[in-house]
>>> print(open('input29.txt').read())   # compact mmCIF, C-alpha atoms and all ligand atoms
# COMPACT_ATOMS: atom_id res chain seq x y z
CA MET A 1 2.93 13.96 30.67
CA THR A 2 4.42 12.35 27.61
CA LEU A 3 2.22 13.00 24.61
CA CYS A 4 1.59 10.12 22.31
CA PRO A 5 3.56 10.59 19.07
CA CYS A 6 0.58 9.47 16.98
CA ARG A 7 -1.48 12.43 18.23
CA VAL A 8 0.96 15.07 17.10
CA SER A 9 0.09 16.53 13.75
CA SER A 10 1.21 19.64 11.98
CA ASN A 11 -2.14 20.08 10.26
CA LEU A 12 -4.50 19.81 13.18
CA SER A 13 -4.99 21.84 16.29
CA PHE A 14 -2.49 20.53 18.79
CA LEU A 15 -4.56 20.82 21.97
CA SER A 16 -7.57 18.94 20.67
CA GLN A 17 -5.26 16.10 19.68
CA ALA A 18 -3.07 15.87 22.74
CA ILE A 19 -3.40 12.52 24.48
CA ALA A 20 -0.88 11.02 26.87
CA TYR A 21 1.18 8.11 25.56
CA SER A 22 -0.03 6.06 28.53
CA ASP A 23 -3.65 6.62 27.44
CA CYS A 24 -2.99 5.95 23.77
CA CYS A 25 -0.39 3.64 22.22
CA GLN A 26 1.59 2.55 25.30
CA PRO A 27 -0.79 -0.21 26.46
CA TYR A 28 -0.62 -1.81 22.99
CA HIS A 29 3.18 -1.57 22.87
CA ASP A 30 3.73 -2.88 26.40
CA SER A 31 1.25 -5.70 26.03
CA LEU A 32 2.65 -7.07 22.77
CA LEU A 33 6.30 -6.63 23.74
CA ASP A 34 6.03 -8.16 27.20
CA ASP A 35 7.20 -11.75 26.74
CA SER A 36 6.06 -12.81 30.18
CA SER A 37 2.41 -12.09 29.51
CA ASP A 38 0.20 -14.62 27.77
CA LYS A 39 0.19 -13.63 24.13
CA LEU A 40 -3.49 -14.40 23.77
CA ASP A 41 -4.27 -11.88 26.45
CA SER A 42 -2.37 -9.10 24.74
CA ILE A 43 -4.33 -5.98 23.90
CA LYS A 44 -5.16 -6.01 20.22
CA ALA A 45 -5.78 -3.00 18.05
CA GLU A 46 -9.53 -2.81 17.52
CA THR A 47 -9.27 -1.35 14.04
CA ALA A 48 -6.70 -0.97 11.28
CA GLU A 49 -6.48 2.75 12.08
CA ARG A 50 -5.68 1.95 15.71
CA LEU A 51 -2.96 -0.45 14.57
CA MET A 52 -1.60 2.14 12.15
CA ARG A 53 -1.32 4.67 14.98
CA THR A 54 0.49 2.26 17.28
CA ARG A 55 2.90 1.33 14.49
CA TYR A 56 3.68 4.98 13.80
CA SER A 57 4.32 5.57 17.51
CA ALA A 58 6.55 2.48 17.55
CA PHE A 59 8.64 4.00 14.75
CA VAL A 60 8.98 7.29 16.64
CA LEU A 61 9.89 5.54 19.89
CA VAL A 62 12.16 3.05 18.04
CA LYS A 63 10.41 -0.20 18.90
CA PRO A 64 11.25 -2.31 15.84
CA GLU A 65 9.98 -5.48 17.52
CA TYR A 66 6.49 -4.00 17.60
CA ILE A 67 6.71 -3.29 13.87
CA VAL A 68 7.69 -6.91 13.26
CA LYS A 69 5.04 -8.42 15.52
CA THR A 70 2.22 -6.41 13.91
CA THR A 71 3.14 -7.52 10.39
CA VAL A 72 1.44 -10.59 8.87
CA PRO A 73 3.14 -13.60 10.55
CA ALA A 74 4.19 -15.13 7.20
CA GLN A 75 6.21 -11.98 6.42
CA GLN A 76 7.83 -11.48 9.83
CA SER A 77 10.95 -13.58 9.24
CA LEU A 78 11.54 -11.72 5.95
CA LEU A 79 11.73 -8.30 7.59
CA ASP A 80 15.07 -6.58 8.08
CA VAL A 81 14.80 -5.61 11.75
CA ALA A 82 18.13 -3.77 11.81
CA ALA A 83 17.10 -1.66 8.82
CA ILE A 84 13.73 -0.86 10.41
CA GLU A 85 15.47 0.21 13.61
CA GLU A 86 18.00 2.33 11.73
CA TRP A 87 15.30 4.06 9.70
CA ALA A 88 13.15 4.67 12.80
CA ARG A 89 16.10 6.14 14.68
CA GLN A 90 17.35 8.38 11.89
CA THR A 91 14.05 9.88 10.81
CA PRO A 92 13.15 13.19 12.56
CA TRP A 93 9.47 12.30 12.91
CA ALA A 94 7.14 15.30 13.11
CA GLY A 95 3.61 13.96 13.28
CA LEU A 96 0.92 11.71 11.88
CA GLU A 97 -2.19 12.56 9.95
CA ILE A 98 -4.77 9.90 9.14
CA VAL A 99 -6.19 10.95 5.79
CA ARG A 100 -8.74 8.17 5.36
CA HIS A 101 -9.64 4.93 7.10
CA THR A 102 -11.51 2.35 5.02
CA PRO A 103 -12.44 -0.19 7.71
CA LYS A 104 -13.97 -2.74 5.38
CA LEU A 105 -12.36 -3.70 2.12
CA GLY A 106 -13.76 -7.08 1.18
CA LYS A 107 -14.10 -9.73 3.85
CA ARG A 108 -10.98 -9.25 5.91
CA HIS A 109 -8.99 -6.28 4.67
CA ALA A 110 -8.88 -2.60 5.57
CA GLN A 111 -6.92 0.36 4.29
CA VAL A 112 -5.51 3.41 5.99
CA GLU A 113 -4.27 6.38 4.01
CA PHE A 114 -1.92 8.50 6.06
CA LYS A 115 0.78 11.13 6.04
CA ALA A 116 3.77 10.60 8.31
CA TYR A 117 5.60 13.90 8.63
CA PHE A 118 9.32 14.33 9.12
CA ASP A 119 11.64 17.31 9.26
CA THR A 120 14.23 18.01 6.60
CA PRO A 121 16.64 20.94 6.18
CA ASP A 122 14.17 22.26 3.58
CA GLY A 123 11.16 22.03 5.88
CA GLN A 124 8.61 19.37 6.68
CA GLN A 125 7.90 16.57 4.27
CA ALA A 126 5.55 13.59 4.46
CA HIS A 127 5.46 9.95 3.54
CA HIS A 128 2.02 9.78 1.98
CA GLU A 129 0.96 6.15 1.80
CA ARG A 130 -2.00 3.84 1.70
CA SER A 131 -1.41 0.79 3.86
CA THR A 132 -3.38 -2.43 3.71
CA PHE A 133 -4.20 -4.46 6.80
CA VAL A 134 -5.62 -7.95 7.09
CA LYS A 135 -7.44 -9.70 9.90
CA VAL A 136 -5.43 -12.81 10.75
CA LYS A 137 -6.90 -15.73 12.66
CA GLU A 138 -4.73 -16.87 15.52
CA GLU A 139 -4.53 -20.41 16.92
CA SER A 140 -7.22 -19.66 19.46
CA ASN A 141 -9.51 -18.49 16.64
CA ASN A 142 -9.05 -14.95 17.89
CA GLU A 143 -8.61 -12.40 15.16
CA ARG A 144 -5.93 -9.76 15.00
CA TRP A 145 -5.25 -6.93 12.55
CA CYS A 146 -1.84 -7.18 10.88
CA PHE A 147 0.00 -4.99 8.39
CA LEU A 148 0.43 -6.42 4.90
CA ASP A 149 3.87 -5.24 3.81
CA PRO A 150 4.00 -4.63 0.04
CA THR A 151 7.80 -4.29 0.09
CA VAL A 152 8.39 -7.87 1.24
CA ALA A 153 8.92 -10.21 -1.69
CA MET A 154 6.79 -13.30 -1.14
CA THR A 155 7.40 -16.47 -3.10
CA VAL A 156 3.83 -17.62 -3.21
CA SER A 157 1.98 -18.61 -6.33
CA GLN A 158 -1.43 -17.16 -7.06
CA LYS A 159 -3.13 -20.52 -6.50
CA GLN A 160 -1.54 -21.32 -3.15
CA PRO A 161 -3.46 -20.85 0.11
CA CYS A 162 -3.19 -17.26 1.28
CA ILE A 163 -0.37 -16.15 3.58
CA CYS A 164 -2.88 -14.72 6.07
CA GLY A 165 -4.31 -18.15 6.87
CA SER A 166 -7.79 -17.36 5.56
CA GLY A 167 -7.89 -20.62 3.62
CA GLU A 168 -8.66 -18.80 0.39
CA LYS A 169 -6.42 -18.78 -2.65
CA PHE A 170 -3.71 -16.13 -2.44
CA LYS A 171 -4.91 -14.34 -5.56
CA ARG A 172 -8.44 -14.05 -4.21
CA CYS A 173 -7.22 -12.74 -0.86
CA CYS A 174 -4.07 -10.81 0.10
CA GLY A 175 -2.54 -11.32 -3.36
CA GLY A 176 -4.87 -8.62 -4.61
CA TYR A 177 -3.16 -6.09 -2.34
CA LEU A 178 0.46 -7.11 -2.90
CA PRO A 179 2.47 -6.22 -6.00
ZN ZN B 201 -0.93 6.95 20.11
ZN ZN B 202 -5.08 -13.33 2.76
>>> encode(input="input29.txt", output="structure tokens", more="lines below")
Ligand code: ZN
Ligand code: ZN
Amino acid sequence: MTLCPCRVSSNLSFLSQAIAYSDCCQPYHDSLLDDSSDKLDSIKAETAERLMRTRYSAFVLVKPEYIVKTTVPAQQSLLDVAAIEEWARQTPWAGLEIVRHTPKLGKRHAQVEFKAYFDTPDGQQAHHERSTFVKVKEESNNERWCFLDPTVAMTVSQKQPCICGSGEKFKRCCGGYLP
């Protein structure tokens, strides 16, 4: 059995957390990355925390395409896929800890505070971050959680319609969560 990377954590009891990859993040990865399947039928992460977990596992298993496809569509072409792949490959990932999931932050946002552990010669360290996610409406009017990447420079003015497609002004929507 291959354990899902997102269920490995240095701070929690290992056995209570152990879940097979096939029962955890794999269905999400396979579904979104399979080009032959109808995109609208793909399995969507039910919550921002679920999406966060699958993205962490995608880093560990070096699936940069999954990272791209789960970012807000307006930011996808601005991502450096090669750099994401390089970083994923070179980091000795050691586990994920979800510190706090705030499922409702305004109308369509959510936040997940997490620690992504990695090994260094001086012991384990963690990326401690708070990520923002937004519910994006797709063509079919289906909704899908996407990661809002604060490191991507967007050239959008505060009064323009928001990048997430909500129809609201940027500043009243995702602009409040981007630098
Ligand atoms: Zn998982
Ligand atoms: Zn927005």
>>> residues_around(input="input29.txt", residues="Ala126 of chain A", least_positions_apart="5", cutoff="8 Å", atoms="all atoms listed in the file", output="list in words")
Lys115, Ala116, Tyr117 and Phe118 of chain A
>>> residues_near_ligand(input="input29.txt", ligand="ligand ZN 202 (chain B)", cutoff="7 Å", atoms="only C-alpha atoms and all ligand atoms", output="count of residues only")
11
>>> residues_around(input="input29.txt", residues="segment 41-49 of chain A", least_positions_apart="2", cutoff="8 Å", atoms="only C-alpha atoms", output="PyMOL selection string")
chain A and resi 27-28+31-32+37-39+51-53+98+101+103+110-112+133+144-146
>>> residues_near_ligand(input="input29.txt", ligand="ligand ZN 201 (chain B)", cutoff="10 Å", atoms="all atoms listed in the file", output="PyMOL selection string")
chain A and resi 3-8+18-29+50-58+96
>>> write_last_selection(input="input29.txt", atoms="C-alpha atoms", output="mmCIF file, in the frame of the given file")
data_model
loop_
_atom_site.group_PDB
_atom_site.id
_atom_site.type_symbol
_atom_site.label_atom_id
_atom_site.label_comp_id
_atom_site.auth_asym_id
_atom_site.auth_seq_id
_atom_site.Cartn_x
_atom_site.Cartn_y
_atom_site.Cartn_z
ATOM 1 C CA LEU A 3 2.220 13.000 24.610
ATOM 2 C CA CYS A 4 1.590 10.120 22.310
ATOM 3 C CA PRO A 5 3.560 10.590 19.070
ATOM 4 C CA CYS A 6 0.580 9.470 16.980
ATOM 5 C CA ARG A 7 -1.480 12.430 18.230
ATOM 6 C CA VAL A 8 0.960 15.070 17.100
ATOM 7 C CA ALA A 18 -3.070 15.870 22.740
ATOM 8 C CA ILE A 19 -3.400 12.520 24.480
ATOM 9 C CA ALA A 20 -0.880 11.020 26.870
ATOM 10 C CA TYR A 21 1.180 8.110 25.560
ATOM 11 C CA SER A 22 -0.030 6.060 28.530
ATOM 12 C CA ASP A 23 -3.650 6.620 27.440
ATOM 13 C CA CYS A 24 -2.990 5.950 23.770
ATOM 14 C CA CYS A 25 -0.390 3.640 22.220
ATOM 15 C CA GLN A 26 1.590 2.550 25.300
ATOM 16 C CA PRO A 27 -0.790 -0.210 26.460
ATOM 17 C CA TYR A 28 -0.620 -1.810 22.990
ATOM 18 C CA HIS A 29 3.180 -1.570 22.870
ATOM 19 C CA ARG A 50 -5.680 1.950 15.710
ATOM 20 C CA LEU A 51 -2.960 -0.450 14.570
ATOM 21 C CA MET A 52 -1.600 2.140 12.150
ATOM 22 C CA ARG A 53 -1.320 4.670 14.980
ATOM 23 C CA THR A 54 0.490 2.260 17.280
ATOM 24 C CA ARG A 55 2.900 1.330 14.490
ATOM 25 C CA TYR A 56 3.680 4.980 13.800
ATOM 26 C CA SER A 57 4.320 5.570 17.510
ATOM 27 C CA ALA A 58 6.550 2.480 17.550
ATOM 28 C CA LEU A 96 0.920 11.710 11.880
#
>>> closest_residue(input="input29.txt", among="A:Thr132, A:Thr120, A:Ser77, A:Thr70", to="Gln90 of chain A", atoms="only C-alpha atoms")
A:Thr120
>>> atom_distance(input="input29.txt", atom1="atom CA of His127 of chain A", atom2="atom CA of Phe114 of chain A")
7.9 Å
>>> atom_distance(input="input29.txt", atom1="atom CA of Glu85 of chain A", atom2="atom CA of Phe59 of chain A")
7.9 Å
>>> atom_distance(input="input29.txt", atom1="atom CA of Leu148 of chain A", atom2="atom CA of Asp35 of chain A")
23.5 Å
>>> closest_residue(input="input29.txt", among="A:Pro73, A:Gly176, A:Pro64, A:Pro121", to="Trp87 of chain A", atoms="all atoms listed in the file")
A:Pro64
